[in-house]
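Below: input-v7.txt (compact mmCIF, C-alpha atoms)
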```txt
# COMPACT_ATOMS: atom_id res chain seq x y z
CA GLY A 1102 2.59 -8.20 -25.32
CA ALA A 1103 1.56 -5.89 -22.48
CA VAL A 1104 0.53 -8.56 -20.01
CA VAL A 1105 -0.30 -7.79 -16.41
CA SER A 1106 -0.14 -10.71 -14.02
CA GLN A 1107 -2.12 -10.54 -10.80
CA HIS A 1108 -1.62 -13.07 -8.07
CA PRO A 1109 -3.32 -14.80 -6.39
CA SER A 1110 -6.46 -15.12 -8.49
CA TRP A 1111 -8.45 -16.02 -5.42
CA VAL A 1112 -7.78 -16.15 -1.72
CA ILE A 1113 -9.73 -17.14 1.35
CA CYS A 1114 -8.56 -15.89 4.70
CA LYS A 1115 -9.70 -15.67 8.29
CA SER A 1116 -10.94 -12.45 9.75
CA GLY A 1117 -8.11 -10.45 11.30
CA THR A 1118 -5.37 -11.73 9.02
CA SER A 1119 -3.59 -9.80 6.29
CA VAL A 1120 -3.54 -10.64 2.62
CA LYS A 1121 -1.09 -9.47 0.00
CA ILE A 1122 -2.01 -9.20 -3.67
CA GLU A 1123 0.66 -8.76 -6.32
CA CYS A 1124 0.34 -6.93 -9.61
CA ARG A 1125 3.20 -7.47 -11.99
CA SER A 1126 3.76 -6.13 -15.50
CA LEU A 1127 5.47 -8.97 -17.34
CA ASP A 1128 6.76 -7.40 -20.51
CA PHE A 1129 6.77 -3.69 -19.86
CA GLN A 1130 7.63 -1.17 -17.19
CA ALA A 1131 4.86 0.78 -15.56
CA THR A 1132 5.24 4.22 -14.05
CA THR A 1133 1.82 4.02 -12.55
CA MET A 1134 -0.43 1.23 -11.38
CA PHE A 1135 -3.98 1.48 -10.21
CA TRP A 1136 -5.97 -0.61 -7.79
CA TYR A 1137 -9.70 -1.07 -8.20
CA ARG A 1138 -12.36 -2.79 -6.20
CA GLN A 1139 -15.42 -4.38 -7.72
CA PHE A 1140 -18.41 -5.57 -5.75
CA PRO A 1141 -20.68 -8.22 -7.29
CA LYS A 1142 -22.53 -6.91 -10.32
CA GLN A 1143 -21.15 -3.43 -9.77
CA SER A 1144 -18.64 -1.19 -11.43
CA LEU A 1145 -14.94 -0.80 -10.79
CA MET A 1146 -14.18 1.74 -8.12
CA LEU A 1147 -10.71 3.25 -8.04
CA MET A 1148 -9.08 2.75 -4.66
CA ALA A 1149 -5.64 4.20 -5.16
CA THR A 1150 -2.98 5.23 -7.60
CA SER A 1151 0.45 3.74 -7.11
CA ASN A 1152 3.57 5.45 -8.43
CA GLU A 1153 6.94 3.75 -8.39
CA GLY A 1154 9.14 5.03 -5.62
CA SER A 1155 6.58 7.27 -4.01
CA LYS A 1156 3.57 7.05 -1.73
CA ALA A 1157 0.29 5.93 -3.17
CA THR A 1158 -2.55 8.37 -3.63
CA TYR A 1159 -5.79 7.11 -2.14
CA GLU A 1160 -9.29 7.98 -3.25
CA GLN A 1161 -11.66 9.58 -0.82
CA GLY A 1162 -13.10 7.09 1.61
CA VAL A 1163 -10.37 4.49 1.17
CA GLU A 1164 -8.45 3.76 4.37
CA LYS A 1165 -4.76 3.96 3.58
CA ASP A 1166 -3.82 2.13 6.77
CA LYS A 1167 -6.06 -0.75 5.85
CA PHE A 1168 -5.10 -1.01 2.20
CA LEU A 1169 -1.32 -0.73 2.07
CA ILE A 1170 0.15 -0.19 -1.34
CA ASN A 1171 3.80 -0.62 -2.24
CA HIS A 1172 5.19 0.10 -5.69
CA ALA A 1173 8.79 -0.87 -5.17
CA SER A 1174 9.79 -1.32 -8.79
CA LEU A 1175 8.62 -0.42 -12.28
CA THR A 1176 7.12 -3.86 -12.70
CA LEU A 1177 5.56 -4.64 -9.33
CA SER A 1178 2.91 -3.14 -7.12
CA THR A 1179 1.40 -4.86 -4.11
CA LEU A 1180 -1.83 -4.30 -2.23
CA THR A 1181 -1.99 -5.59 1.32
CA VAL A 1182 -5.36 -5.80 3.00
CA THR A 1183 -4.52 -5.56 6.67
CA SER A 1184 -6.65 -7.07 9.42
CA ALA A 1185 -9.17 -8.21 6.87
CA HIS A 1186 -12.85 -8.39 7.78
CA PRO A 1187 -15.79 -9.93 5.93
CA GLU A 1188 -16.76 -6.53 4.52
CA ASP A 1189 -13.40 -6.46 2.72
CA SER A 1190 -14.50 -9.44 0.66
CA SER A 1191 -14.50 -8.25 -2.92
CA PHE A 1192 -12.88 -8.57 -6.32
CA TYR A 1193 -9.70 -6.51 -6.58
CA ILE A 1194 -8.24 -5.57 -9.96
CA CYS A 1195 -5.00 -3.84 -10.76
CA SER A 1196 -4.06 -2.02 -13.91
CA ALA A 1197 -0.80 -0.65 -15.21
CA ARG A 1198 0.17 2.23 -17.44
CA PRO A 1199 3.24 1.43 -19.55
CA ILE A 1200 6.20 3.70 -20.05
CA GLY A 1201 6.74 4.63 -23.65
CA GLY A 1202 4.77 3.95 -26.78
CA LEU A 1203 1.81 2.17 -25.24
CA ASN A 1204 1.39 4.68 -22.45
CA GLU A 1205 -1.94 5.86 -23.71
CA LYS A 1206 -3.41 2.51 -22.79
CA LEU A 1207 -4.12 0.84 -19.52
CA PHE A 1208 -3.65 -2.90 -19.09
CA PHE A 1209 -5.54 -4.86 -16.51
CA GLY A 1210 -4.67 -7.83 -14.39
CA SER A 1211 -7.08 -10.73 -14.20
CA GLY A 1212 -8.21 -9.81 -10.71
CA THR A 1213 -8.19 -11.35 -7.26
CA GLN A 1214 -11.31 -12.59 -5.50
CA LEU A 1215 -10.86 -12.11 -1.77
CA SER A 1216 -13.16 -13.91 0.63
CA VAL A 1217 -12.79 -13.16 4.32
CA LEU A 1218 -14.42 -15.64 6.68
CA ALA B 954 -16.60 15.86 -10.84
CA GLN B 955 -16.81 13.65 -13.87
CA THR B 956 -19.50 11.01 -14.05
CA VAL B 957 -20.31 8.17 -16.42
CA THR B 958 -23.83 6.82 -16.75
CA GLN B 959 -24.97 3.62 -18.38
CA SER B 960 -28.73 3.51 -18.26
CA GLN B 961 -29.18 -0.04 -19.55
CA PRO B 962 -28.39 -2.63 -16.87
CA GLU B 963 -29.04 -5.44 -19.32
CA MET B 964 -29.48 -5.87 -23.05
CA SER B 965 -30.20 -8.85 -25.26
CA VAL B 966 -29.45 -9.37 -28.91
CA GLN B 967 -30.02 -12.18 -31.32
CA GLU B 968 -26.91 -13.76 -32.78
CA ALA B 969 -25.83 -11.99 -36.01
CA GLU B 970 -27.95 -8.95 -35.20
CA THR B 971 -26.82 -5.47 -34.19
CA VAL B 972 -27.07 -3.95 -30.74
CA THR B 973 -26.26 -0.51 -29.36
CA LEU B 974 -25.18 0.13 -25.79
CA SER B 975 -25.64 3.63 -24.40
CA CYS B 976 -23.32 5.75 -22.35
CA THR B 977 -23.46 9.36 -21.29
CA TYR B 978 -20.89 11.28 -19.34
CA ASP B 979 -20.44 14.61 -17.71
CA THR B 980 -17.28 16.65 -17.68
CA SER B 981 -16.15 20.24 -17.90
CA GLU B 982 -12.92 19.23 -19.61
CA SER B 983 -12.40 19.60 -23.34
CA ASP B 984 -9.62 17.06 -23.75
CA TYR B 985 -10.37 13.53 -22.62
CA TYR B 986 -10.64 9.93 -23.70
CA LEU B 987 -13.56 7.54 -23.72
CA PHE B 988 -13.42 3.76 -23.69
CA TRP B 989 -15.53 0.69 -23.85
CA TYR B 990 -14.28 -2.30 -21.91
CA LYS B 991 -15.61 -5.82 -22.00
CA GLN B 992 -15.59 -8.03 -18.91
CA PRO B 993 -16.45 -11.65 -19.74
CA PRO B 994 -17.16 -14.26 -17.05
CA SER B 995 -13.40 -14.65 -16.56
CA ARG B 996 -13.56 -11.07 -15.24
CA GLN B 997 -10.54 -10.02 -17.28
CA MET B 998 -11.02 -6.46 -18.48
CA ILE B 999 -10.57 -6.24 -22.24
CA LEU B 1000 -10.35 -2.96 -24.14
CA VAL B 1001 -12.90 -2.95 -26.94
CA ILE B 1002 -12.52 0.52 -28.38
CA ARG B 1003 -11.13 3.95 -27.58
CA GLN B 1004 -12.13 7.45 -28.65
CA GLU B 1005 -10.13 10.65 -28.30
CA ALA B 1006 -12.39 13.62 -27.65
CA TYR B 1007 -10.49 15.86 -30.06
CA LYS B 1008 -11.22 13.50 -32.94
CA GLN B 1009 -14.52 14.06 -34.69
CA GLN B 1010 -14.36 10.76 -36.52
CA ASN B 1011 -15.99 7.88 -34.71
CA ALA B 1012 -13.67 5.04 -33.77
CA THR B 1013 -14.20 1.61 -35.27
CA GLU B 1014 -12.65 -1.77 -34.51
CA ASN B 1015 -13.92 -4.51 -36.79
CA ARG B 1016 -17.51 -5.23 -35.68
CA PHE B 1017 -17.39 -2.56 -32.97
CA SER B 1018 -18.02 1.10 -33.60
CA VAL B 1019 -18.98 4.10 -31.54
CA ASN B 1020 -21.26 7.05 -31.99
CA PHE B 1021 -19.48 9.89 -30.25
CA GLN B 1022 -21.57 13.03 -29.79
CA LYS B 1023 -19.34 15.46 -27.93
CA ALA B 1024 -21.88 18.23 -27.52
CA ALA B 1025 -24.44 15.82 -26.16
CA LYS B 1026 -21.77 14.01 -24.10
CA SER B 1027 -22.91 10.72 -25.48
CA PHE B 1028 -20.76 7.73 -26.39
CA SER B 1029 -22.65 4.66 -27.56
CA LEU B 1030 -21.20 1.35 -28.67
CA LYS B 1031 -22.59 -0.53 -31.65
CA ILE B 1032 -21.86 -4.20 -32.03
CA SER B 1033 -22.61 -5.56 -35.47
CA ASP B 1034 -23.06 -9.20 -36.38
CA SER B 1035 -23.24 -10.16 -32.72
CA GLN B 1036 -21.54 -13.37 -31.73
CA LEU B 1037 -22.02 -15.64 -28.73
CA GLY B 1038 -18.56 -14.63 -27.55
CA ASP B 1039 -19.70 -11.04 -27.26
CA ALA B 1040 -21.78 -11.93 -24.23
CA ALA B 1041 -20.22 -10.07 -21.33
CA MET B 1042 -20.46 -7.08 -19.09
CA TYR B 1043 -19.61 -3.87 -20.95
CA PHE B 1044 -18.26 -0.85 -19.15
CA CYS B 1045 -18.03 2.65 -20.51
CA ALA B 1046 -15.08 4.59 -19.09
CA TYR B 1047 -13.77 8.13 -19.10
CA ARG B 1048 -10.45 9.72 -18.29
CA ASP B 1049 -9.09 13.24 -18.49
CA ALA B 1050 -6.23 13.70 -20.92
CA GLY B 1051 -3.97 14.84 -18.11
CA THR B 1052 -4.49 11.90 -15.79
CA TYR B 1053 -4.86 8.18 -15.93
CA LYS B 1054 -7.66 7.95 -13.45
CA TYR B 1055 -10.46 6.10 -15.13
CA ILE B 1056 -14.07 6.57 -14.17
CA PHE B 1057 -16.26 3.61 -15.03
CA GLY B 1058 -19.97 3.43 -15.60
CA THR B 1059 -22.12 0.86 -13.84
CA GLY B 1060 -22.01 -1.53 -16.77
CA THR B 1061 -24.43 -3.17 -19.18
CA ARG B 1062 -24.78 -6.92 -19.23
CA LEU B 1063 -25.12 -8.11 -22.81
CA LYS B 1064 -26.76 -11.42 -23.55
CA VAL B 1065 -26.45 -12.95 -26.99
CA LEU B 1066 -29.23 -15.32 -27.93
CA ALA B 1067 -28.56 -18.22 -30.27
```
I'd like the structure from this file rewritten - as structure tokens, please.
Amino acid sequence: GAVVSQHPSWVICKSGTSVKIECRSLDFQATTMFWYRQFPKQSLMLMATSNEGSKATYEQGVEKDKFLINHASLTLSTLTVTSAHPEDSSFYICSARPIGGLNEKLFFGSGTQLSVL
Amino acid sequence: AQTVTQSQPEMSVQEAETVTLSCTYDTSESDYYLFWYKQPPSRQMILVIRQEAYKQQNATENRFSVNFQKAAKSFSLKISDSQLGDAAMYFCAYRDAGTYKYIFGTGTRLKVLA
């Protein structure tokens, strides 16, 4: 149980286009989802916290107009990288906090490798 | 602000031997959680072990155990009887009890030698 599906697992896009990444909790509902960014051989850096039905909270230095987050339901959060540029190329990981008994744990998606040409 | 430091970028261990990965953290909070996550080449984050700060007893999960020294703000991970499948990147993580914002260390790459 407690599976988080992240899609796509990898995506290549042209500079200037937008890319949407989905994070879906398959067998639980999540009040909160988190989006991280990981550069090669580096740690996970929290980008934003996504709460169902409300605006996302962005970490300092993260452009909210560039990284649009939508948490429309208790099982789905999306991250849209708008007008992507090569410097946005990175590994993006989502995580979800379940409602209820497992809510002390955080479950991670398998990540999305974004390459912007 | 809270910080997490992993001072060992890379460690090696012989198969079946024991290895300890170090982690220190800084916080002014008294109630928090500490974690070790494993990230294999698949890049899927896998929870290895969790420690509640209010518990004095060190957490254990099969071959994995921690040495939690609250006063020293130290949280090391010991892997016993190392296996080839343990090879991965290991991240130490911290979160305040009141939030779910995790702060990750820079990671330690563990190599297991056959």
With all atoms listed in the file as the basis for distance, which of A:Ala1157, A:Val1105, A:Met1146, A:Ile1200 is at the shortest distance from A:Leu1180?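 Checking each candidate against A:Leu1180, we get A:Ala1157 as the closest.
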Tell me which residues come within 10 Å of (-11.1, -4.4, -25.2), as an MDAnalysis selection string, counting only C-alpha atoms in the file's coordinates. (chainID A and resid 1208) or (chainID B and resid 988:992 997:1003 1014 1043)
Using all atoms listed in the file, determine which residues of chain B fall within 7 Å of chain A; present them as a count of residues only. 7
In Å, with one decimal, what is the gap from atom CA of A:Thr1183 to atom CA of A:Ile1113? 13.8 Å
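If you count all atoms listed in the file and draw a sphere of 6 Å around (-3.1, -9.7, -3.9), the protein and nucleic acid residues inside it come out as His1108, Pro1109, Lys1121, Ile1122, Glu1123 and Leu1180 of chain A.
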With distances taken over all atoms listed in the file, which residue among B:Arg1048, B:Lys1008, B:Arg1016, B:Arg1062 lies nearest B:Asp979?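 When distances to B:Asp979 are compared using all atoms listed in the file, the smallest one comes from B:Arg1048.
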B:Ser995 proximity check over B:Val957, B:Ser975, B:Tyr1055, B:Ala1040, using only C-alpha atoms: winner is B:Ala1040
Could you check how far atom CA of B:Pro962 sits from atom CA of B:Lys1023, in Å to one decimal?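 These two atoms are separated by 23.1 Å.
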Using only C-alpha atoms, determine which residues lie at most 12 Å from B:Met964, disregarding the query and same-chain residues fewer than 3 positions distant; provide the list as a list of chain:residue names.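 The neighbour list is B:Gln959, B:Ser960, B:Gln961, B:Gln967, B:Thr971, B:Val972, B:Thr973, B:Leu974, B:Ser975, B:Ile1032, B:Asp1039, B:Ala1040, B:Ala1041, B:Met1042, B:Tyr1043, B:Gly1060, B:Thr1061, B:Arg1062, B:Leu1063, B:Lys1064, B:Val1065, B:Leu1066.
Within the 9 Å cut-off around A:His1186, using only C-alpha atoms and omitting residues fewer than 6 positions from it on the same chain, the listed residues are Lys1115, Ser1116, Gly1117, Thr1118, Val1217 and Leu1218 of chain A.
Take atom CA of A:Cys1195 and atom CA of A:Gln1107: the distance between them is 7.3 Å.
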Using all atoms listed in the file, the best pick from B:Ala1067, B:Leu987, B:Ala954, B:Val1019 as closest to B:Ala1046 would be B:Leu987
So, counting all atoms listed in the file, which residue among B:Phe1017, B:Tyr1053, B:Tyr978, B:Tyr985 is closest to B:Leu1030? B:Phe1017
Do a neighbour search on A:Ser1155 at 10 Å with all atoms listed in the file, toss out local chain neighbours closer than 5 positions, and write the hits as a list in words.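 Here the qualifying residues turn out to be Asn1171, His1172 and Ala1173 of chain A.
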Closest of B:Asp1034, B:Glu970, B:Glu982, B:Glu963 to B:Thr1052 - atom-to-atom distances counting all atoms listed in the file: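 Smallest distance to B:Thr1052 is found for B:Glu982.
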Please give the centre and size of the box around stretch 1162-1168 of chain A (axis-aligned, containing every atom listed in the file, 8 Å added per side), with values in Å to one decimal and written as JSON.
```
{"center_x": -8.5, "center_y": 3.0, "center_z": 4.0, "size_x": 25.3, "size_y": 24.1, "size_z": 21.6}
```
Taking N, CA and C atoms as the atom set, what does stretch 1038-1062 of chain B look like once completed, written as a PDB file, in the coordinates of the input?
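Contents of out-v9.pdb, freshly written:
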```pdb
ATOM      1  N   GLY B1038     -19.704 -15.059 -28.357  1.00  0.00           N
ATOM      2  CA  GLY B1038     -18.560 -14.630 -27.550  1.00  0.00           C
ATOM      3  C   GLY B1038     -18.606 -13.172 -27.133  1.00  0.00           C
ATOM      4  N   ASP B1039     -19.568 -12.444 -27.667  1.00  0.00           N
ATOM      5  CA  ASP B1039     -19.700 -11.040 -27.260  1.00  0.00           C
ATOM      6  C   ASP B1039     -20.445 -10.902 -25.936  1.00  0.00           C
ATOM      7  N   ALA B1040     -21.052 -11.985 -25.492  1.00  0.00           N
ATOM      8  CA  ALA B1040     -21.780 -11.930 -24.230  1.00  0.00           C
ATOM      9  C   ALA B1040     -20.819 -11.605 -23.088  1.00  0.00           C
ATOM     10  N   ALA B1041     -21.121 -10.542 -22.381  1.00  0.00           N
ATOM     11  CA  ALA B1041     -20.220 -10.070 -21.330  1.00  0.00           C
ATOM     12  C   ALA B1041     -20.839  -8.857 -20.671  1.00  0.00           C
ATOM     13  N   MET B1042     -20.123  -8.354 -19.685  1.00  0.00           N
ATOM     14  CA  MET B1042     -20.460  -7.080 -19.090  1.00  0.00           C
ATOM     15  C   MET B1042     -19.653  -6.027 -19.846  1.00  0.00           C
ATOM     16  N   TYR B1043     -20.309  -4.936 -20.235  1.00  0.00           N
ATOM     17  CA  TYR B1043     -19.610  -3.870 -20.950  1.00  0.00           C
ATOM     18  C   TYR B1043     -19.611  -2.606 -20.104  1.00  0.00           C
ATOM     19  N   PHE B1044     -18.404  -2.066 -19.937  1.00  0.00           N
ATOM     20  CA  PHE B1044     -18.260  -0.850 -19.150  1.00  0.00           C
ATOM     21  C   PHE B1044     -17.792   0.297 -20.038  1.00  0.00           C
ATOM     22  N   CYS B1045     -18.455   1.418 -19.893  1.00  0.00           N
ATOM     23  CA  CYS B1045     -18.030   2.650 -20.510  1.00  0.00           C
ATOM     24  C   CYS B1045     -17.104   3.350 -19.508  1.00  0.00           C
ATOM     25  N   ALA B1046     -16.030   3.949 -19.993  1.00  0.00           N
ATOM     26  CA  ALA B1046     -15.080   4.590 -19.090  1.00  0.00           C
ATOM     27  C   ALA B1046     -14.592   5.912 -19.664  1.00  0.00           C
ATOM     28  N   TYR B1047     -14.225   6.776 -18.752  1.00  0.00           N
ATOM     29  CA  TYR B1047     -13.770   8.130 -19.100  1.00  0.00           C
ATOM     30  C   TYR B1047     -12.458   8.406 -18.374  1.00  0.00           C
ATOM     31  N   ARG B1048     -11.576   9.160 -19.031  1.00  0.00           N
ATOM     32  CA  ARG B1048     -10.450   9.720 -18.290  1.00  0.00           C
ATOM     33  C   ARG B1048     -10.063  11.062 -18.888  1.00  0.00           C
ATOM     34  N   ASP B1049      -9.633  11.969 -18.026  1.00  0.00           N
ATOM     35  CA  ASP B1049      -9.090  13.240 -18.490  1.00  0.00           C
ATOM     36  C   ASP B1049      -7.784  12.989 -19.225  1.00  0.00           C
ATOM     37  N   ALA B1050      -7.468  13.840 -20.166  1.00  0.00           N
ATOM     38  CA  ALA B1050      -6.230  13.700 -20.920  1.00  0.00           C
ATOM     39  C   ALA B1050      -5.008  13.811 -20.024  1.00  0.00           C
ATOM     40  N   GLY B1051      -5.140  14.594 -18.953  1.00  0.00           N
ATOM     41  CA  GLY B1051      -3.970  14.840 -18.110  1.00  0.00           C
ATOM     42  C   GLY B1051      -3.731  13.826 -17.027  1.00  0.00           C
ATOM     43  N   THR B1052      -4.661  12.910 -16.849  1.00  0.00           N
ATOM     44  CA  THR B1052      -4.490  11.900 -15.790  1.00  0.00           C
ATOM     45  C   THR B1052      -4.781  10.525 -16.352  1.00  0.00           C
ATOM     46  N   TYR B1053      -4.516   9.537 -15.548  1.00  0.00           N
ATOM     47  CA  TYR B1053      -4.860   8.180 -15.930  1.00  0.00           C
ATOM     48  C   TYR B1053      -5.866   7.575 -14.978  1.00  0.00           C
ATOM     49  N   LYS B1054      -6.604   8.445 -14.311  1.00  0.00           N
ATOM     50  CA  LYS B1054      -7.660   7.950 -13.450  1.00  0.00           C
ATOM     51  C   LYS B1054      -8.901   7.711 -14.289  1.00  0.00           C
ATOM     52  N   TYR B1055      -9.294   6.469 -14.356  1.00  0.00           N
ATOM     53  CA  TYR B1055     -10.460   6.100 -15.130  1.00  0.00           C
ATOM     54  C   TYR B1055     -11.709   6.131 -14.254  1.00  0.00           C
ATOM     55  N   ILE B1056     -12.776   6.608 -14.829  1.00  0.00           N
ATOM     56  CA  ILE B1056     -14.070   6.570 -14.170  1.00  0.00           C
ATOM     57  C   ILE B1056     -14.959   5.638 -14.993  1.00  0.00           C
ATOM     58  N   PHE B1057     -15.471   4.616 -14.332  1.00  0.00           N
ATOM     59  CA  PHE B1057     -16.260   3.610 -15.030  1.00  0.00           C
ATOM     60  C   PHE B1057     -17.753   3.824 -14.783  1.00  0.00           C
ATOM     61  N   GLY B1058     -18.522   3.476 -15.787  1.00  0.00           N
ATOM     62  CA  GLY B1058     -19.970   3.430 -15.600  1.00  0.00           C
ATOM     63  C   GLY B1058     -20.352   2.157 -14.861  1.00  0.00           C
ATOM     64  N   THR B1059     -21.626   1.990 -14.628  1.00  0.00           N
ATOM     65  CA  THR B1059     -22.120   0.860 -13.840  1.00  0.00           C
ATOM     66  C   THR B1059     -22.227  -0.427 -14.641  1.00  0.00           C
ATOM     67  N   GLY B1060     -22.049  -0.327 -15.952  1.00  0.00           N
ATOM     68  CA  GLY B1060     -22.010  -1.530 -16.770  1.00  0.00           C
ATOM     69  C   GLY B1060     -23.340  -1.923 -17.376  1.00  0.00           C
ATOM     70  N   THR B1061     -23.266  -2.597 -18.510  1.00  0.00           N
ATOM     71  CA  THR B1061     -24.430  -3.170 -19.180  1.00  0.00           C
ATOM     72  C   THR B1061     -24.121  -4.636 -19.461  1.00  0.00           C
ATOM     73  N   ARG B1062     -24.987  -5.491 -18.967  1.00  0.00           N
ATOM     74  CA  ARG B1062     -24.780  -6.920 -19.230  1.00  0.00           C
ATOM     75  C   ARG B1062     -25.417  -7.265 -20.561  1.00  0.00           C
TER      76      ARG B1062
END
```
